[in-house]
Each structure stands twice: as structure tokens, then as C-alpha cells.
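J.: Sharing a structure below in C-alpha cells format, with a few things to ask.
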Amino acid sequence: MSTVASNDSLQTKKPQSIREIMAPLIAIIFGLFMVVLDNTAVNVALPGLVKDFNSSLSTMQWAVTGYALAQAAVIPLSGWLSDRFGAKQIFLLSVSFFTVGSFLCALATDPTQLIAFRVIQGIGGGMVMPIAMAFIYRLSPPDKVGAVMGMLGIPILLAPALGPVLAGWLVDYASWKWIFIINIPIGIVGVLIGIRSLPRIVRQTVASLDVLGMLLGPLAFASLSYGVSEGGSDWTSAKTITGIVVGVIALLLFIIVELRQKQPMLELRVFRSFNFTRAIIIQWVSQIALFGTMFMLPLFLQQAKGFTAFHSGLTMLPQALAAAIFMPISGRLFDKIGARPLVMTGMGLVTVAAFLLTHISGTATSSALILPLALLGAGMGLAFMPLNTHLIQAAPQNLVGRVTSLTSAAQQVMTSFCVAGLATILTSHITSRTPQGTKPTLDILTASFADTFFVTVVIAIVGIVLAITLSKPKTASIEDAEAALEAKMMLG
């Protein structure tokens with residue numbers, strides 16, 4: 001056996017205190033913070049990117065959609081690659097890939113380059129979260145898993161609050177390029193600390209890679225998103241029809257291939273469970289309502305209300321703070337009352353928030369937005385964790401390890417469809433209301449955004465109705481489900 005193989009097979013002694021795992025925890029937090037921060041920062045920068053590149057929203061939204069699709073493509077590979085090559089190596093490679101993608105994004109000179117480089121970012125960022133969660137669970141002392149996971153939650157909660165503010169300040173007072181440049185030192189420091197502190201996890205024997213699934217899945221999702229986005233201009237155009245037809249065919253082939261594989265990239269057989277299927281459909285609807293509204297808000301603030309990017313980021317703070325407050329509350333309530341009342345209440349708050357946004361005028365002050373933004377954040381905080389935990393519990397226990405990749409990838413796909421769809425609806429409403437050869441007025445923009453927000457109202461109401469079918473988990477607690485999620489994240 002080679003020296004490299006011998007080193008890779010080393011299993012470090014499990015640390016006995018949080019102090020002993022502080023260094024690897026810092027390395028992982030650096031990687032997580034960078035990736036999560038970037039997810040929210042680019043949303044605020046979109047209007048500025050449209051202006052700087054002299055492009056359109058339907059084109060520049062692919063900087064968000066392409067990133068999400070790239071993440072969806074590599075999330076299912078994280079467990080296989082970690083088992084095959086080692087968790088430490090893949091985590092460091094992922095952070096490095098994300099950092100290189102950030103550097104390239106800062107150098108982009110046209111929309112095509114930026115979108116392509118964002119895809120590179122997504123390929124690196126997609127594997128950071130699942131590997132980080134599994135890594136920390138393996139390192140944590142058995143009696144301190146909750147405390148360690150709480151520390152890991154800091155960047156997950158802090159980055160969405162800071163992302164819009166920091167991005168807005170950089171766009172207004174420096175350049176959008178700095179949104180990506182700031183990732184470079186963070187990524188380098190994280191990699192250097194990780195090289196020295198992250199222990200090697202023993203490699204495992206894995207099945208052969210599901211190459212067909214790896215190719216067909218991203219092709220299907222990307223083609224469908226492209227077809228939907230092109231439909232905003234003309235649903236009968238060759239580009240729209242081609243995207244949708246190719247997407248549908250690739251999706252059908254993907255399903256057939258995955259069902260025939262003994263070790264598929266995504267375990268679609270879990271849909272044979274009615275409880276799981278029902279829960280994941282509710283998750284998809286909730287995802288579209290929640291993240292669709294969050295995607296639309298920065299655009300609304302900047303395009304309709306004329307806010308600067310920095311002002312827009314500050315205005316979004318109530319949403320992030322409310323989510324951070326209500327998320328731990330929902331975790332404590334989940335064991336006592338189950339997912340149904342929490343998801344119904346959360347989606348109810350999102351519905352009210354989106355409805356209030358349909359009535360915000362272009363001349364309204366920032367104070368008029370505090371209530372809908374706080375309601376949106378509270379709804380997200382109440383619904384998100386209970387729904388995800390219920391979903392894991394609803395899966396057949398022998399397939400839990402495969403389900404985590406499926407649900408994570410599906411979330412990214414729903415996000416991409418949501419962004420493409422809402423951008424298409426918004427663009428079509430603005431175009432239909434604006435006389436040819438003129439620019440949209442404030443009234444036209446406000447009315448168009450109101451109609452688009454109303455779409456999220458309808459979707460959120462559907463989420464409430466579907467949530468009625470959820471039942472209280474009969475056995476495992478939320479802590480048990482989270483432990484199962486993190487322990488199984490890299491298996492299968």
C-alpha cells in the first residue's frame with residue numbers, strides 16, 4: 001500500500017471537548033460563511049448588474065439560476081466523492097473551487113462570462129454545506145453535538161443578514177466586483193486552516209459512479225429552466241420549445257436511469273412512500289413561496305422604489321433578524337406540536353407578507369416595509385426547519401442516507417425554477433404595460449411587481465392547504481432527526 005493510501009486510511013481519535021475541535025470548526029465556518037453570504041449577496045446586486053452590463057433581467061437572472069443549478073448537480077456527488085477520495089480532500093477542493101470561481105466572476109466583462117463563472121462557483125459551493133455538516137457531526141463529542149451544531153449555525157444565520165447589507169454597500173460605494181473579491185481572502189484562509197487542522201477521515205469502498213444520472217439530471221433541470229425563462233418573451237419561440245422539449249425528454253430518461261440503478265445518484269425509489277412524496281411536494285411549494293418572495297424583494301426595492309443597493313440591503317434586515325429569532329423557537333415547538341401547525345402558521349405569515357407587498361406603493365417609505373419583511377422572516381423561521389425535519393422523518397429509515405442528497409438537490413432545482421419563473425412573469429407584465437419605444441413608469445413597475453407578488457400569495461395559500469395533511473411525527477424528536485440527517489449525509 002502506498003504512503004498516500006496509508007495516510008488516507010488514518011482515523012483520528014474523536015475529540016473529547018469543543019476546545020479540541022475549535023480549529024477544524026473555524027475552517028469549516030470560513031467555508032460555510034463564504035458560500036451562504038454569496039447566495040444572498042448576488043440577489044441585491046442583480047439590478048446593478050443589469051445596468052452595468054447593459055443587459056436585461058431575464059438574462060442576468062441566470063447568474064442566480066445557473067449557480068443554483070450547478071449546486072443541484074454536485075450535491076448528490078458529495079457523499080460519493082467524500083467516500084472515494086476522503087472528506088478532507090473534497091471539502092478543501094470545494095472551497096478552493098468556489099474561491100477560484102469568485103476570482104473569475106470578478107474578472108467577468110459580459111453577462112455570458114459572469115454566468116459561466118457563477119456556474120463554477122456553484123460547483124464548488126454545492127458540496128461545502130453537506131460535507132461540512134457531516135464532518136462536524138463526525139468530529140463532535142457525543143454529548144456536545146447540539147452545542148457544536150449551534151456554533152455551526154452562526155454563519156448559516158448571520159450570512160443572510162449581512163449579505164444584502166454588505167453587497168449593497170459594495171455595489172453603491174465600490175463595485176459589484178467586490179462581492180466576489182472578498183471571497184478570495186476568506187477562501188484562502190479557510191483552506192490554509194483546513195489543511196493544518198482538518199483530520200483525515202477513513203476512505204470507504206463505494207459503488208461505481210452513476211455517470212448517466214450525473215449527466216441527464218443537470219441537463220433536464222437546466223433545459224427546463226431555460227425554456228421557462230425564454231417563455232417570458234415568447235412561449236411559441238424555437239428557444240422556448242426546444243428548452244422545454246429537451247428538458248422533458250432528459251427528465252424522463254433521468255427517471256428511468258435512476259430507477260434502474262442499484263446505486264443511483266438520486267434515490268427516486270423513496271417516492272414510493274406516500275408520506276415522503278406528500279411532504280416533499282409541500283416543501284417544494286413552500287420553497288417557491290419563501291425564496292420567490294425573497295428574490296423579488298431586492299428587485300422591487302431598487303427598480304420600483306428607487307432604493308440604492310445599500311438602502312435595499314438595510315431594508316431587508318428585519319426579514320433576516322425575524323428568521324433568526326423564530327428558527328430556534330420552531331425547533332423547540334416541533335417536539336411538542338409537530339410540523340403541521342408550525343408550517344401552516346409559517347406559510348400563513350408568508351401569505352400575509354406577500355399580500356401586503358402587493359399593496360405597497362412606489363412612494364411608500366421604508367417603515368411601511370418593516371411589517372411585511374418581519375412577517376416574511378418569521379414565516380420562514382417557523383416553517384423551514386420543521387418541514388425539513390418532518391421530511392427526513394417521513395422517509396423510509398433504510399433510505400434516509402440517500403434522501404438528504406435528494407432533498408438538498410431538489411431545493412436548489414426549485415429555487416432555479418422559481419427565479420426563472422418569477423423573472424419571466426415580472427418581465428412579461430412590465431412589457432405588456434409599457435408602450436413600445438418608452439420606458440416603464442413608476443406606476444407600471446409598481447403594478448407589475450404587485451401582480452408578481454400576488455403569484456407568491458397564491459402559491460403560499462396552496463402551501464397552507466397542503467400543510468393540513470401533515471401529521472405529528474410518531475417517534476423521533478427533532479434532535480434525533482437532525483442527528484440522522486448529519487450522520488447519514490455522506491453515506492449511501
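How things are named: the first chain in the C-alpha cells is A, the next is B, and so on; residues count from 1 in each chain; ligands count from 1 in the order shown.
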Contacts of range 177-181 of chain A at 6 Å or less, counting only C-alpha atoms, minus same-chain residues fewer than 4 places along, as a tab-separated table (two decimals) with N, CA, C and O atoms, in the first residue's frame?

T.:
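Result file follows (around_38.tsv):
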```tsv
chain	number	residue	atom	x	y	z
A	102	SER	N	-14.96	32.67	-7.66
A	102	SER	CA	-15.17	34.05	-7.24
A	102	SER	C	-14.19	34.99	-7.93
A	102	SER	O	-14.56	36.09	-8.37
A	106	ALA	N	-15.13	38.11	-10.65
A	106	ALA	CA	-14.68	39.49	-10.53
A	106	ALA	C	-14.03	39.99	-11.82
A	106	ALA	O	-13.96	41.20	-12.06
A	167	ALA	N	-23.41	43.57	0.38
A	167	ALA	CA	-23.45	43.65	-1.08
A	167	ALA	C	-23.96	45.01	-1.53
A	167	ALA	O	-23.42	45.60	-2.48
```

J.: Excluding same-chain residues fewer than 3 positions from range 327-336 of chain A, what lies within 8 Å of it counting only C-alpha atoms, as a VMD selection string?

T.: chain A and resid 323 to 324 339 342 378 380 to 386 477 to 478

J.: For those residues, write all heavy atoms to a file as a PDB file, in the first residue's frame.

T.:
```pdb
ATOM      1  N   ALA A 323     -36.199  35.850  10.983  1.00  0.00           N
ATOM      2  CA  ALA A 323     -35.926  34.435  10.716  1.00  0.00           C
ATOM      3  C   ALA A 323     -34.996  33.855  11.769  1.00  0.00           C
ATOM      4  O   ALA A 323     -35.190  32.729  12.249  1.00  0.00           O
ATOM      5  CB  ALA A 323     -35.322  34.278   9.320  1.00  0.00           C
ATOM      6  N   ALA A 324     -33.962  34.623  12.142  1.00  0.00           N
ATOM      7  CA  ALA A 324     -33.010  34.141  13.150  1.00  0.00           C
ATOM      8  C   ALA A 324     -33.667  33.970  14.514  1.00  0.00           C
ATOM      9  O   ALA A 324     -33.310  33.074  15.283  1.00  0.00           O
ATOM     10  CB  ALA A 324     -31.845  35.124  13.251  1.00  0.00           C
ATOM     11  N   ALA A 339     -45.044  19.224  12.979  1.00  0.00           N
ATOM     12  CA  ALA A 339     -44.758  20.152  11.880  1.00  0.00           C
ATOM     13  C   ALA A 339     -45.991  20.896  11.392  1.00  0.00           C
ATOM     14  O   ALA A 339     -45.894  22.054  10.968  1.00  0.00           O
ATOM     15  CB  ALA A 339     -44.121  19.391  10.715  1.00  0.00           C
ATOM     16  N   LEU A 342     -46.864  24.455  12.758  1.00  0.00           N
ATOM     17  CA  LEU A 342     -45.762  25.376  12.505  1.00  0.00           C
ATOM     18  C   LEU A 342     -45.675  25.749  11.027  1.00  0.00           C
ATOM     19  O   LEU A 342     -45.491  26.922  10.677  1.00  0.00           O
ATOM     20  CB  LEU A 342     -44.441  24.757  12.970  1.00  0.00           C
ATOM     21  CG  LEU A 342     -44.292  24.585  14.483  1.00  0.00           C
ATOM     22  CD1 LEU A 342     -43.055  23.762  14.801  1.00  0.00           C
ATOM     23  CD2 LEU A 342     -44.219  25.943  15.174  1.00  0.00           C
ATOM     24  N   ALA A 378     -40.334  35.787   9.906  1.00  0.00           N
ATOM     25  CA  ALA A 378     -40.930  34.935  10.936  1.00  0.00           C
ATOM     26  C   ALA A 378     -41.536  33.679  10.312  1.00  0.00           C
ATOM     27  O   ALA A 378     -41.402  32.575  10.850  1.00  0.00           O
ATOM     28  CB  ALA A 378     -41.996  35.714  11.703  1.00  0.00           C
ATOM     29  N   MET A 380     -40.615  32.227   7.524  1.00  0.00           N
ATOM     30  CA  MET A 380     -39.505  31.365   7.114  1.00  0.00           C
ATOM     31  C   MET A 380     -38.919  30.631   8.309  1.00  0.00           C
ATOM     32  O   MET A 380     -38.648  29.430   8.256  1.00  0.00           O
ATOM     33  CB  MET A 380     -38.425  32.199   6.426  1.00  0.00           C
ATOM     34  CG  MET A 380     -37.226  31.414   5.973  1.00  0.00           C
ATOM     35  SD  MET A 380     -35.971  32.472   5.191  1.00  0.00           S
ATOM     36  CE  MET A 380     -34.710  31.253   4.810  1.00  0.00           C
ATOM     37  N   GLY A 381     -38.722  31.369   9.407  1.00  0.00           N
ATOM     38  CA  GLY A 381     -38.149  30.756  10.604  1.00  0.00           C
ATOM     39  C   GLY A 381     -39.031  29.675  11.188  1.00  0.00           C
ATOM     40  O   GLY A 381     -38.539  28.642  11.665  1.00  0.00           O
ATOM     41  N   LEU A 382     -40.351  29.864  11.153  1.00  0.00           N
ATOM     42  CA  LEU A 382     -41.266  28.885  11.723  1.00  0.00           C
ATOM     43  C   LEU A 382     -41.408  27.638  10.853  1.00  0.00           C
ATOM     44  O   LEU A 382     -41.526  26.531  11.366  1.00  0.00           O
ATOM     45  CB  LEU A 382     -42.647  29.520  11.932  1.00  0.00           C
ATOM     46  CG  LEU A 382     -42.813  30.463  13.112  1.00  0.00           C
ATOM     47  CD1 LEU A 382     -44.206  31.068  13.101  1.00  0.00           C
ATOM     48  CD2 LEU A 382     -42.567  29.729  14.431  1.00  0.00           C
ATOM     49  N   ALA A 383     -41.420  27.817   9.539  1.00  0.00           N
ATOM     50  CA  ALA A 383     -41.751  26.705   8.646  1.00  0.00           C
ATOM     51  C   ALA A 383     -40.556  25.894   8.184  1.00  0.00           C
ATOM     52  O   ALA A 383     -40.667  24.681   7.952  1.00  0.00           O
ATOM     53  CB  ALA A 383     -42.501  27.244   7.425  1.00  0.00           C
ATOM     54  N   PHE A 384     -39.391  26.530   8.048  1.00  0.00           N
ATOM     55  CA  PHE A 384     -38.294  25.895   7.319  1.00  0.00           C
ATOM     56  C   PHE A 384     -37.748  24.650   8.017  1.00  0.00           C
ATOM     57  O   PHE A 384     -37.727  23.554   7.445  1.00  0.00           O
ATOM     58  CB  PHE A 384     -37.179  26.921   7.088  1.00  0.00           C
ATOM     59  CG  PHE A 384     -36.194  26.505   6.026  1.00  0.00           C
ATOM     60  CD1 PHE A 384     -36.587  26.460   4.707  1.00  0.00           C
ATOM     61  CD2 PHE A 384     -34.891  26.170   6.350  1.00  0.00           C
ATOM     62  CE1 PHE A 384     -35.686  26.077   3.719  1.00  0.00           C
ATOM     63  CE2 PHE A 384     -33.988  25.789   5.377  1.00  0.00           C
ATOM     64  CZ  PHE A 384     -34.390  25.742   4.060  1.00  0.00           C
ATOM     65  N   MET A 385     -37.287  24.781   9.263  1.00  0.00           N
ATOM     66  CA  MET A 385     -36.689  23.651   9.952  1.00  0.00           C
ATOM     67  C   MET A 385     -37.685  22.527  10.245  1.00  0.00           C
ATOM     68  O   MET A 385     -37.392  21.352   9.996  1.00  0.00           O
ATOM     69  CB  MET A 385     -36.013  24.113  11.245  1.00  0.00           C
ATOM     70  CG  MET A 385     -35.432  22.968  12.094  1.00  0.00           C
ATOM     71  SD  MET A 385     -34.186  21.976  11.206  1.00  0.00           S
ATOM     72  CE  MET A 385     -32.768  23.063  11.349  1.00  0.00           C
ATOM     73  N   PRO A 386     -38.905  22.821  10.753  1.00  0.00           N
ATOM     74  CA  PRO A 386     -39.860  21.733  10.978  1.00  0.00           C
ATOM     75  C   PRO A 386     -40.202  20.962   9.710  1.00  0.00           C
ATOM     76  O   PRO A 386     -40.331  19.730   9.747  1.00  0.00           O
ATOM     77  CB  PRO A 386     -41.092  22.469  11.526  1.00  0.00           C
ATOM     78  CG  PRO A 386     -40.546  23.688  12.159  1.00  0.00           C
ATOM     79  CD  PRO A 386     -39.398  24.103  11.291  1.00  0.00           C
ATOM     80  N   SER A 477     -37.482  12.637  17.708  1.00  0.00           N
ATOM     81  CA  SER A 477     -37.547  14.061  18.006  1.00  0.00           C
ATOM     82  C   SER A 477     -36.786  14.831  16.951  1.00  0.00           C
ATOM     83  O   SER A 477     -36.108  14.255  16.099  1.00  0.00           O
ATOM     84  CB  SER A 477     -36.931  14.340  19.383  1.00  0.00           C
ATOM     85  OG  SER A 477     -35.549  14.066  19.343  1.00  0.00           O
ATOM     86  N   ILE A 478     -36.873  16.150  17.018  1.00  0.00           N
ATOM     87  CA  ILE A 478     -36.145  16.963  16.043  1.00  0.00           C
ATOM     88  C   ILE A 478     -34.642  16.772  16.188  1.00  0.00           C
ATOM     89  O   ILE A 478     -33.897  16.764  15.218  1.00  0.00           O
ATOM     90  CB  ILE A 478     -36.532  18.449  16.176  1.00  0.00           C
ATOM     91  CG1 ILE A 478     -36.012  19.251  14.969  1.00  0.00           C
ATOM     92  CG2 ILE A 478     -36.026  19.059  17.454  1.00  0.00           C
ATOM     93  CD1 ILE A 478     -36.578  20.645  14.900  1.00  0.00           C
TER      94      ILE A 478
END
```

J.: Find, counting only C-alpha atoms, the residue in A:Ile184, A:Val211, A:Leu104, A:Ile249 that gets nearest to Gln261 in chain A.

T.: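 Going through A:Ile184, A:Val211, A:Leu104, A:Ile249 one by one, the smallest distance to Gln261 in chain A is for A:Val211.
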
J.: Identify, on the basis of only C-alpha atoms, every residue whose closest approach to Cys105 in chain A does not exceed 7 Å; exclude the query and any residue fewer than 6 positions from it along the same chain; express the result as a compact mmCIF listing (two decimals) with N, CA, C and O atoms, in the first residue's frame.

T.:
```txt
# COMPACT_ATOMS: atom_id res chain seq x y z
N LEU A 114 -19.93 36.07 -16.76
CA LEU A 114 -20.36 36.07 -15.36
C LEU A 114 -21.20 34.84 -15.05
O LEU A 114 -21.00 34.18 -14.02
N PHE A 117 -18.95 31.75 -14.96
CA PHE A 117 -18.11 31.71 -13.76
C PHE A 117 -18.94 31.47 -12.50
O PHE A 117 -18.46 30.88 -11.53
N ARG A 118 -20.22 31.93 -12.51
CA ARG A 118 -21.10 31.61 -11.40
C ARG A 118 -21.40 30.12 -11.32
O ARG A 118 -21.58 29.55 -10.24
N PHE A 180 -17.44 39.49 -5.08
CA PHE A 180 -16.70 38.25 -5.33
C PHE A 180 -15.26 38.34 -4.82
O PHE A 180 -14.70 37.32 -4.39
```

J.: Just the helix (DSSP H, G or I) stuff from range 116-336 of chain A, please, per backbone DSSP, written as a ChimeraX atom specification.

T.: /A:116-126,128-139,142-173,177-181,183-197,211-230,238-260,268-272,274-304,309-315,317-336

J.: Pick the closest to Leu25 in chain A from A:Phe53, A:Ile115, A:Phe103, A:Ser197: which is it, counting only C-alpha atoms?

T.: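 Between A:Phe53, A:Ile115, A:Phe103, A:Ser197, the residue approaching Leu25 in chain A most closely is A:Ser197.
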
J.: Skipping near chain neighbours, those fewer than 3 positions away, what residues fall within 7 Å of range 304-321 of chain A using only C-alpha atoms, listed as a PyMOL selection string?

T.: chain A and resi 44-45+160-161+164-165+168-169+171-172+298+300-301+324-325+362-363+366+370+373-374+376-377+442+445-446

J.: What does the file look like for those residues with N, CA and C atoms, as a CSV table (one decimal), in the first residue's frame?

T.:
```
chain,number,residue,atom,x,y,z
A,44,VAL,N,-29.2,41.1,-4.3
A,44,VAL,CA,-29.2,42.6,-4.2
A,44,VAL,C,-28.5,43.2,-5.3
A,45,ALA,N,-27.4,42.6,-5.8
A,45,ALA,CA,-26.6,43.2,-6.9
A,45,ALA,C,-27.2,43.1,-8.3
A,160,PRO,N,-27.0,35.4,5.8
A,160,PRO,CA,-28.1,36.0,5.1
A,160,PRO,C,-28.5,37.4,5.6
A,161,ALA,N,-28.2,37.7,6.8
A,161,ALA,CA,-28.5,39.1,7.4
A,161,ALA,C,-27.4,40.0,6.9
A,164,PRO,N,-27.0,41.0,2.1
A,164,PRO,CA,-27.6,42.1,1.4
A,164,PRO,C,-27.1,43.4,1.8
A,165,VAL,N,-26.7,43.6,3.1
A,165,VAL,CA,-26.2,44.9,3.5
A,165,VAL,C,-24.8,45.1,2.9
A,168,GLY,N,-25.0,45.5,-0.8
A,168,GLY,CA,-25.5,46.8,-1.2
A,168,GLY,C,-24.5,47.9,-1.0
A,169,TRP,N,-23.7,47.9,0.1
A,169,TRP,CA,-22.7,48.9,0.3
A,169,TRP,C,-21.6,48.8,-0.8
A,171,VAL,N,-21.9,47.6,-3.9
A,171,VAL,CA,-22.4,48.0,-5.2
A,171,VAL,C,-22.4,49.5,-5.3
A,172,ASP,N,-22.9,50.1,-4.2
A,172,ASP,CA,-23.1,51.6,-4.2
A,172,ASP,C,-21.8,52.4,-4.1
A,298,PRO,N,-35.5,42.5,-3.3
A,298,PRO,CA,-34.4,43.5,-3.8
A,298,PRO,C,-34.7,44.1,-5.1
A,300,PHE,N,-37.7,44.7,-6.3
A,300,PHE,CA,-38.8,45.7,-6.1
A,300,PHE,C,-38.3,46.9,-5.4
A,301,LEU,N,-37.4,46.8,-4.4
A,301,LEU,CA,-36.9,47.9,-3.7
A,301,LEU,C,-36.1,48.9,-4.6
A,324,ALA,N,-34.0,34.6,12.1
A,324,ALA,CA,-33.0,34.1,13.1
A,324,ALA,C,-33.7,34.0,14.5
A,325,ILE,N,-34.7,34.8,14.8
A,325,ILE,CA,-35.3,34.7,16.1
A,325,ILE,C,-36.3,33.5,16.2
A,362,GLY,N,-45.2,52.8,-4.9
A,362,GLY,CA,-43.8,53.3,-5.2
A,362,GLY,C,-43.4,54.4,-4.4
A,363,THR,N,-44.3,55.1,-3.7
A,363,THR,CA,-43.9,56.3,-2.9
A,363,THR,C,-43.9,56.0,-1.4
A,366,SER,N,-39.7,53.5,3.9
A,366,SER,CA,-39.1,52.2,4.3
A,366,SER,C,-39.9,51.6,5.5
A,370,ILE,N,-41.4,47.4,7.0
A,370,ILE,CA,-40.9,46.6,8.1
A,370,ILE,C,-41.8,45.5,8.5
A,373,LEU,N,-41.8,42.5,5.8
A,373,LEU,CA,-40.5,41.9,5.9
A,373,LEU,C,-40.3,41.1,7.2
A,374,ALA,N,-40.8,41.6,8.3
A,374,ALA,CA,-40.7,40.8,9.5
A,374,ALA,C,-41.6,39.6,9.5
A,376,LEU,N,-42.4,38.0,6.8
A,376,LEU,CA,-41.8,37.0,5.9
A,376,LEU,C,-40.7,36.2,6.6
A,377,GLY,N,-39.8,37.0,7.4
A,377,GLY,CA,-38.8,36.3,8.1
A,377,GLY,C,-39.3,35.3,9.2
A,442,LEU,N,-43.2,54.6,-13.0
A,442,LEU,CA,-43.3,54.1,-11.6
A,442,LEU,C,-44.5,53.3,-11.4
A,445,LEU,N,-44.2,49.9,-13.1
A,445,LEU,CA,-43.4,49.0,-12.3
A,445,LEU,C,-44.0,48.5,-11.0
A,446,THR,N,-44.7,49.4,-10.3
A,446,THR,CA,-45.4,49.0,-9.1
A,446,THR,C,-46.5,48.0,-9.3
```

J.: With the cut-off set at 9 Å and counting only C-alpha atoms, tabulate each residue of range 215-314 of chain A with an atom at most that distance from an atom of range 72-76 of chain A, showing the nearest atom pair and its distance in Å to one decimal, ordered by chain and increasing number, as a tab-separated table.

T.:
```
residue	atom	partner	partner_atom	distance
A:Leu215	CA	A:Ala73	CA	8.7
A:Gly217	CA	A:Ala73	CA	7.1
A:Pro218	CA	A:Ala73	CA	5.5
A:Phe221	CA	A:Ala72	CA	9.0
A:Met265	CA	A:Pro76	CA	6.0
A:Leu266	CA	A:Pro76	CA	6.5
```

J.: Distance CA of Ile90 in chain A-CA of Gln412 in chain A, one decimal place?

T.: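 Between CA of Ile90 in chain A and CA of Gln412 in chain A the gap is 20.3 Å.
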